[in-house]
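Asker: My questions all concern the structure below.
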Amino acid sequence: MAVETDPVKIMKQEVGKTAASRVSSGAIVGLGTGSTTAYAIESLGNRLQSGDLKDIVGVPTSFQAEVLAKQYGIPLTTLDAIDRIDVAIDGADEVDPQKNLIKGGGAAHTREKVVDSLAAEFIVVVDSGKLVDRLGSTFLLPVEVIPMAVTPVMRAIEKLGGKPELRMGIKKAGPVVTDQGNLVIDVKFEAIDNPIELEKTLNNLPGVLENGLFVGVANTILVGEIKDGKPTVREIA
Ligand SMILES: O=C[C@H](O)[C@H](O)[C@H](O)COP(=O)(O)O
């Protein structure tokens with residue numbers, strides 16, 4: 001594992017390693033997406049290689065997770081071939097005190113919600129900067145939409161009081177395209193007072209595939225922190 005010097009990366013690395021240390025041999029593991037989960041996938045690979053862990057199989061939540069799993073020697077499977085997921089490890093963009101989440105900063109929230117919701121235990125890995133009192137206070141809410149429905153969905157979101165913007169690519173001309181070939185609308189809501197209702201309302205708009213609110217899905221939040229200059233991991237169970 002590379003030696004990190006950036007404090008945020010150190011927190012992500014510690015929390016990723018801690019989550020990976022909780023996986024047992026024989027487990028079917030949901031492999032999340034993003035920079036924090038990438039450390040967990042790397043650590044799972046290291047444990048497999050050292051013989052500390054045996055016979056795990058991963059269910060990737062994105063093309064990124066699939067590529068990383070292959071790079072670190074984690075065998076993969078699909079939801080068609082299994083009847084359970086023992087544990088999923090995934091990041092988040094915001095976590096509120098009720099363990100509700102905003103996800104989708106990497107446009108992977110649709111597959112993530114499928115995999116994370118199926119897991120017997122869903123472990124969220126975040127650095128302390130992701131903890132918020134109220135969802136939507138620091139991060140726009142991602143909504144995956146099929147391309148032909150972008151304009152009506154944006155109008156409908158405005159009627160709900162949101163300010164939508166189409167997510168554009170970086171180092172790619174035009175919009176971000178998801179692993180499913182869809183587009184992402186990022187929405188600023190002044191306040192998300194009732195995440196469970198908003199999650200349902202958005203998903204009821206014709207053309208919306210999934211939004212990034214994860215309500216009541218997370219079991220355990222592992223928070224990477226720096227205390228007295230040292231990285232530590234705090235658990236919110
Ligand atoms: O679509 C991406 C995912 O929901 C990520 O898990 C989330 O954006 C957190 O990513 P990171 O660990 O890179 O902050």
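Residues are named by chain letter and number: chains run A, B, ... in the order of the structure tokens, numbers start at 1 in each chain, and ligands are numbered from 1 in the order shown.
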Collect all residues with atoms no farther than 7 Å from ligand 1, counting only C-alpha atoms and all ligand atoms, and output them as a PyMOL selection string.
Answerer: chain A and resi 32-37+90-93+103-109+112+126
Asker: Could you dump the residues just selected with C-alpha atoms as a PDB file, in the first residue's frame?
Answerer:
ATOM      1  CA  GLY A  32     -18.283  -0.059  -3.508  1.00  0.00           C
ATOM      2  CA  THR A  33     -17.037   2.781  -5.663  1.00  0.00           C
ATOM      3  CA  GLY A  34     -14.872   5.825  -5.006  1.00  0.00           C
ATOM      4  CA  SER A  35     -11.532   6.841  -3.591  1.00  0.00           C
ATOM      5  CA  THR A  36     -12.172   5.581  -0.033  1.00  0.00           C
ATOM      6  CA  THR A  37     -13.489   2.181  -1.045  1.00  0.00           C
ATOM      7  CA  ASP A  90     -18.861   1.579   0.224  1.00  0.00           C
ATOM      8  CA  GLY A  91     -18.119   5.287   0.568  1.00  0.00           C
ATOM      9  CA  ALA A  92     -20.491   8.236   0.865  1.00  0.00           C
ATOM     10  CA  ASP A  93     -20.555  11.937   0.084  1.00  0.00           C
ATOM     11  CA  LYS A 103     -24.025   8.972  -2.563  1.00  0.00           C
ATOM     12  CA  GLY A 104     -23.288   9.253  -6.266  1.00  0.00           C
ATOM     13  CA  GLY A 105     -20.361  11.669  -6.396  1.00  0.00           C
ATOM     14  CA  GLY A 106     -18.850   9.141  -8.789  1.00  0.00           C
ATOM     15  CA  ALA A 107     -22.177   8.574 -10.617  1.00  0.00           C
ATOM     16  CA  ALA A 108     -22.322   4.990  -9.336  1.00  0.00           C
ATOM     17  CA  HIS A 109     -25.237   5.281  -6.892  1.00  0.00           C
ATOM     18  CA  GLU A 112     -24.403   0.828  -5.343  1.00  0.00           C
ATOM     19  CA  VAL A 126     -15.845   8.036   5.130  1.00  0.00           C
TER      20      VAL A 126
END
Asker: I'd like the contact shell of Arg22 in chain A - 10 Å cut-off, only C-alpha atoms, skipping same-chain residues fewer than 2 positions apart - returned as a list in words.
Answerer: Lys17, Thr18, Ala19, Ala20, Ser24, Ser25, Leu44, Val87, Ile89 and Ile123 of chain A
Asker: Could you pull out the residues in chain A that DSSP calls alpha helix (DSSP H) from the backbone, as a VMD selection string?
Answerer: chain A and resid 7 to 21 35 to 50 63 to 71 109 to 118 150 to 159 195 to 203
Asker: Take CA of Gly224 in chain A and CA of Thr61 in chain A and report the distance between them in Å, one decimal.
Answerer: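 Separating CA of Gly224 in chain A from CA of Thr61 in chain A is a distance of 22.2 Å.
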Asker: Using DSSP on the backbone, list every residue of chain A that comes out as strand (DSSP E), and give them as a PDB file with C-alpha atoms, in the first residue's frame.
Answerer:
ATOM      1  CA  ILE A  28     -19.496 -12.563  -0.510  1.00  0.00           C
ATOM      2  CA  VAL A  29     -18.498  -8.900  -0.481  1.00  0.00           C
ATOM      3  CA  GLY A  30     -20.160  -5.908  -2.130  1.00  0.00           C
ATOM      4  CA  LEU A  31     -17.369  -3.744  -3.528  1.00  0.00           C
ATOM      5  CA  VAL A  57     -15.842 -13.249  -3.879  1.00  0.00           C
ATOM      6  CA  GLY A  58     -16.719  -9.675  -4.798  1.00  0.00           C
ATOM      7  CA  VAL A  59     -19.806  -8.068  -6.324  1.00  0.00           C
ATOM      8  CA  PRO A  60     -18.648  -4.830  -7.992  1.00  0.00           C
ATOM      9  CA  ILE A  85     -24.213 -10.640   0.076  1.00  0.00           C
ATOM     10  CA  ASP A  86     -22.584 -10.929   3.500  1.00  0.00           C
ATOM     11  CA  VAL A  87     -21.045  -7.504   3.706  1.00  0.00           C
ATOM     12  CA  ALA A  88     -20.780  -4.438   1.483  1.00  0.00           C
ATOM     13  CA  ILE A  89     -18.136  -1.737   1.871  1.00  0.00           C
ATOM     14  CA  ASP A  90     -18.861   1.579   0.224  1.00  0.00           C
ATOM     15  CA  GLU A  94     -22.571  12.907   3.160  1.00  0.00           C
ATOM     16  CA  VAL A  95     -23.658  11.030   6.301  1.00  0.00           C
ATOM     17  CA  LEU A 101     -26.455   9.063   3.138  1.00  0.00           C
ATOM     18  CA  ILE A 102     -25.998  11.001  -0.036  1.00  0.00           C
ATOM     19  CA  ALA A 119     -25.909  -6.824   2.053  1.00  0.00           C
ATOM     20  CA  ALA A 120     -26.495  -8.358   5.484  1.00  0.00           C
ATOM     21  CA  GLU A 121     -24.100  -5.678   6.758  1.00  0.00           C
ATOM     22  CA  PHE A 122     -23.432  -2.444   4.909  1.00  0.00           C
ATOM     23  CA  ILE A 123     -20.279  -0.711   6.180  1.00  0.00           C
ATOM     24  CA  VAL A 124     -19.865   2.907   5.083  1.00  0.00           C
ATOM     25  CA  VAL A 125     -16.314   4.266   4.923  1.00  0.00           C
ATOM     26  CA  VAL A 126     -15.845   8.036   5.130  1.00  0.00           C
ATOM     27  CA  ASP A 127     -13.413  10.648   6.360  1.00  0.00           C
ATOM     28  CA  LEU A 141     -27.994  15.325  -4.707  1.00  0.00           C
ATOM     29  CA  PRO A 142     -27.227  13.147  -7.771  1.00  0.00           C
ATOM     30  CA  VAL A 143     -30.151  11.844  -9.827  1.00  0.00           C
ATOM     31  CA  GLU A 144     -29.561   9.347 -12.665  1.00  0.00           C
ATOM     32  CA  VAL A 145     -31.872   9.968 -15.616  1.00  0.00           C
ATOM     33  CA  LYS A 163     -31.936  23.681  -8.604  1.00  0.00           C
ATOM     34  CA  PRO A 164     -30.826  21.040 -11.122  1.00  0.00           C
ATOM     35  CA  GLU A 165     -27.675  21.034 -13.202  1.00  0.00           C
ATOM     36  CA  LEU A 166     -26.530  18.435 -15.701  1.00  0.00           C
ATOM     37  CA  LEU A 183     -26.947  11.059 -17.452  1.00  0.00           C
ATOM     38  CA  VAL A 184     -26.686  12.589 -13.983  1.00  0.00           C
ATOM     39  CA  ILE A 185     -28.515  15.681 -12.758  1.00  0.00           C
ATOM     40  CA  ASP A 186     -27.023  17.190  -9.581  1.00  0.00           C
ATOM     41  CA  VAL A 187     -29.630  18.999  -7.520  1.00  0.00           C
ATOM     42  CA  LYS A 188     -29.264  21.700  -4.876  1.00  0.00           C
ATOM     43  CA  VAL A 208     -35.505   8.857 -13.248  1.00  0.00           C
ATOM     44  CA  LEU A 209     -33.611   5.626 -12.654  1.00  0.00           C
ATOM     45  CA  GLU A 210     -32.306   6.261  -9.128  1.00  0.00           C
ATOM     46  CA  ASN A 211     -31.233   9.075  -6.843  1.00  0.00           C
ATOM     47  CA  LEU A 213     -30.378   9.288  -1.120  1.00  0.00           C
ATOM     48  CA  PHE A 214     -29.696   6.093   0.867  1.00  0.00           C
ATOM     49  CA  THR A 220     -22.156   0.759  10.397  1.00  0.00           C
ATOM     50  CA  ILE A 221     -20.339   3.999   9.657  1.00  0.00           C
ATOM     51  CA  LEU A 222     -16.552   3.958   9.972  1.00  0.00           C
ATOM     52  CA  VAL A 223     -15.186   7.487  10.199  1.00  0.00           C
ATOM     53  CA  GLY A 224     -11.530   8.227   9.556  1.00  0.00           C
ATOM     54  CA  GLU A 225     -10.214  11.053  11.744  1.00  0.00           C
ATOM     55  CA  ILE A 226      -6.900  12.629  12.645  1.00  0.00           C
ATOM     56  CA  LYS A 227      -6.518  12.950  16.438  1.00  0.00           C
ATOM     57  CA  LYS A 230      -2.537  10.409  14.348  1.00  0.00           C
ATOM     58  CA  PRO A 231      -5.108   8.703  12.113  1.00  0.00           C
ATOM     59  CA  THR A 232      -7.878   6.935  14.030  1.00  0.00           C
ATOM     60  CA  VAL A 233     -11.121   5.249  13.066  1.00  0.00           C
ATOM     61  CA  ARG A 234     -14.349   5.869  14.962  1.00  0.00           C
ATOM     62  CA  GLU A 235     -17.367   3.576  14.593  1.00  0.00           C
ATOM     63  CA  ILE A 236     -20.965   4.751  14.525  1.00  0.00           C
TER      64      ILE A 236
END
Asker: Point out the residue among A:Arg111, A:Gln64, A:Gly207, A:Glu197 with the least atom-to-atom distance to Met154 in chain A, counting only C-alpha atoms.
Answerer: A:Gly207
Asker: Which residue out of A:Ile192, A:Ile56, A:Leu76, A:Val15 has the minimum interatomic distance to Ala38 in chain A when only C-alpha atoms are used?
Answerer: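 Selected residue with least distance to Ala38 in chain A: A:Val15.
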Asker: Pick from A:Ala81, A:Tyr39, A:Gly16, A:Val153: nearest to Asn204 in chain A, with only C-alpha atoms counted?
Answerer: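 Nearest to Asn204 in chain A: A:Val153.
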Asker: Please measure the separation of CA of Leu140 in chain A and CA of Phe63 in chain A, giving the value in Å to one decimal.
Answerer: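 Atom-to-atom, CA of Leu140 in chain A and CA of Phe63 in chain A are spaced 22.7 Å apart.
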